[in-house]
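Beneath this line is the structure, given in structure tokens, with notes to follow.
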Amino acid sequence: MSNVYDNILGLIGNTPMVKLNAVTREIPAKVYAKLESCNPGHSTKDRIALHIIEKAEEKGILTPDSVIVETTSGNTGFSVAMVSIVKGYKCILAVSDKTKAEKIAYLKALGAQVYVCPANVPADDPRSYYEVAKRIAAETPNSVYINQYFNELNIDAHYQTTGPEIWEQTEGKVTHLFACTGTGGTLSGSAKYLKEKNPNIKIIGVDADGSILKGYHETGKINPLDIKPYQIEGMGKNLLPSALLFDQIDQFVKVNDEMSAYRTREIALKEAIMGGYTCGAVTQGLIQYAAANNFGPDDLVVLIFPDHGSRYITKVYSDEWMAQQGFVNNCVHNYDEVFKT
Ligand code: PMP
């Protein structure tokens with residue numbers, strides 16, 4: 001039987017690429033989006049959840065009723081919950097009390113036990129979600145703390161899967177890879193593989209306006225003035241994740257909430273790809289990069305589209321939310337005006 005699997009985990013990875021035909025038409029290169037929403041948990045994080053849990057199994061750490069712990073309400077939470085169900089482990093997620101009820105319901109639907117912790121305490125406070133997760137992992141025998149920001153297996157998951165897929169799908173013709181960096185795992189692991197194949201491939205990280213990563217890459221220092229609140233979830237950071245291999249990255253581009261929001265909506269309206277907010281951010285990163293760098297017809301650009309737009313219906317796809325941010329509402333009618341400025 002073909003295209004038939006023993007369980008849902010068989011669908012992880014081997015995600016398709018789709019050419020962008022309208023949004024990046026001004027750029028003379030071929031541009032492809034790698035649709036990580038085609039993973040069964042609808043994001044790139046399925047890859048790391050599966051890889052980290054299977055590595056722990058190989059080491060003999062896990063027993064049938066083991067506990068998998070992580071500190072996220074986002075994509076990684078969904079993926080860890082999904083892998084835990086199939087493999088028969090208990091999943092505990094420590095999340096902040098800022099997490100929307102809808103997201104907690106989603107995690108619970110996937111069998112996760114969710115601990116809601118105060119957001120307004122320092123990271124080293126025993127009540128913080130970091131400390132709660134660490135304590136649960138330390139006190140529970142045979143448990144695994146995914147710890148995606150500081151786990152080298154996060155990089156390894158993408159070195160083993162995403163990187164080789166990009167190389168094979170483009171028949172080795174990829175010239176540029178762009179990805180938004182949160183933990184940095186996706187870009188670092190893919191970059192490591194691709195640079196081994198061809199050191200001339202340009203690796204571009206897309207950072208959030210409000211994050212320290214671009215500044216650190218350029219100066220080797222954390223600039224506290226770089227830190228400010230922003231709306232895009234899943235990218236940018238106010239600390240240095242060890243899953244981000246700065247030396248694999250040629251350049252960072254910084255994007256803001258507003259342009260990334262327009263771009264996300266534009267991708268849905270013009271390419272019919274309903275992506276998450278960082279799909280707009282990475283595309284905006286390419287467009288800004290292209291304003292300062294030349295592309296030609298032999299260039300083949302790959303953008304990582306990390307997740308699906310269904311998780312952002314009340315955010316970037318909501319006219320009300322756009323208006324609350326002071327962004328131009330129902331922006332399709334105003335694109336030309338907005339992009340001229
Ligand atoms: N976009 C979204 C929506 C994410 O959830 C993440 C993961 N934090 C990223 C981009 C960045 O991926 P990575 O953590 O591998 O850098």
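Labeling convention for the structure tokens: chains A, B, ... as they appear, residues from 1 per chain, ligands from 1 in order of appearance.
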- Item | Selection near A:Gly77, 9 Å with only C-alpha atoms, sequence-local residues under 3 positions removed, as a list of chain:residue names |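 That gives A:Lys45, A:Ala49, A:Glu70, A:Thr71, A:Thr72, A:Ser73, A:Gly74, A:Val80, A:Ala81, A:Met82, A:Cys91, A:Leu93, A:Leu107, A:Ala112.
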- Item | Protein and nucleic residues near ligand 1, 6 Å, only C-alpha atoms and all ligand atoms, as number ranges by chain | A: 75, 180-186, 234-235, 278, 306-307
- Here atom CA of A:Val4 and atom CA of A:Phe305 stand apart by 25.4 Å
- Per DSSP on the backbone, what are the helix (DSSP H, G or I) residues of stretch 213-285 of chain A, as an NGL selection string? :A and (213-219 or 224-226 or 246-248 or 257-271 or 277-285)
- Message: Env of A:Glu36: 10 Å cut, atoms = only C-alpha atoms, seq-sep filter 3 positions within chain, self excluded. Answer as a list in words.
- Response: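 The residues that qualify are Ile12, Gly13, Asn14, Thr15, Pro16, Met17, Ala33, Asn39, Pro40, Gly41, His42, Ser43, Thr44, Lys45, Asp46, Arg47, Thr162, Gly275, Ile304, Phe305, Pro306, Asp307 and His308 of chain A.
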- Query: Nearest to A:Phe327 among A:Asn151, A:Ser2, A:Ser188, A:Ser260, with distances taken over only C-alpha atoms: which residue is it?
  - Reply: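 Of all the options, A:Ser260 lies closest to A:Phe327.
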- Based on DSSP run over this structure's backbone, return all residues of stretch 139-257 of chain A in strand (DSSP E), as a PyMOL selection string. chain A and resi 144-145+176-180+202-208+251-255
- Message: With only C-alpha atoms as the counted atoms, please give the residues lying no more than 7 Å from A:Arg127, apart from itself and same-chain residues fewer than 3 positions off, as a ChimeraX atom specification.
- Response: /A:117-118,131-132
- Item | Nearest to A:Asp156, chosen from A:Leu245, A:Ile203, A:Leu225, A:Leu177, with only C-alpha atoms counted in the distances |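 Of A:Leu245, A:Ile203, A:Leu225, A:Leu177, the one nearest A:Asp156 is A:Leu245, counting only C-alpha atoms.
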- Message: Using Å and a single decimal, report how far atom CA of A:Gln248 sits from atom CA of A:Lys19.
- Response: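 Computing it gives 25.4 Å between the two atoms.
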- Task: Tell me, as a list of chain:residue names, which residues lie within 12 Å of A:Thr314, counting only C-alpha atoms; anything in the same chain fewer than 3 positions away does not count.
- Result: A:Lys100, A:Glu102, A:Lys103, A:Gly276, A:Tyr277, A:Gly309, A:Ser310, A:Arg311, A:Tyr317, A:Ser318, A:Asp319, A:Glu320, A:Trp321, A:Met322, A:Gln324
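The gap separating atom CA of A:Asp299 from atom CA of A:Ile48 is 29.3 Å, in Å to one decimal.
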Compile a residue-level contact table for stretch 216-281 of chain A against stretch 136-149 of chain A at a cut-off of 8 Å, reporting for every qualifying residue the shortest atom pair and its distance in Å to one decimal, with only C-alpha atoms counted, rows ordered by chain and ascending number, as JSON lines.
{"residue": "A:Pro241", "atom": "CA", "partner": "A:Tyr149", "partner_atom": "CA", "distance": 5.0}
{"residue": "A:Ser242", "atom": "CA", "partner": "A:Tyr149", "partner_atom": "CA", "distance": 6.3}
{"residue": "A:Ala243", "atom": "CA", "partner": "A:Tyr149", "partner_atom": "CA", "distance": 5.6}
- Contacts of A:Glu271 within 9 Å, only C-alpha atoms, excl. fewer than 4 positions in-chain, as a VMD selection string: chain A and resid 20 to 23 266 to 267
- Message: List as a list in words the protein and nucleic acid residues near stretch 62-65 of chain A, meaning an atom at most 8 Å away when only C-alpha atoms are counted, but skip any in the same chain fewer than 2 places from it.
- Response: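 Selected residues are Ala56, Glu57, Gly60, Val67, Gly88, Tyr89, Lys90, Asn142, Ser143 and Val144 of chain A.
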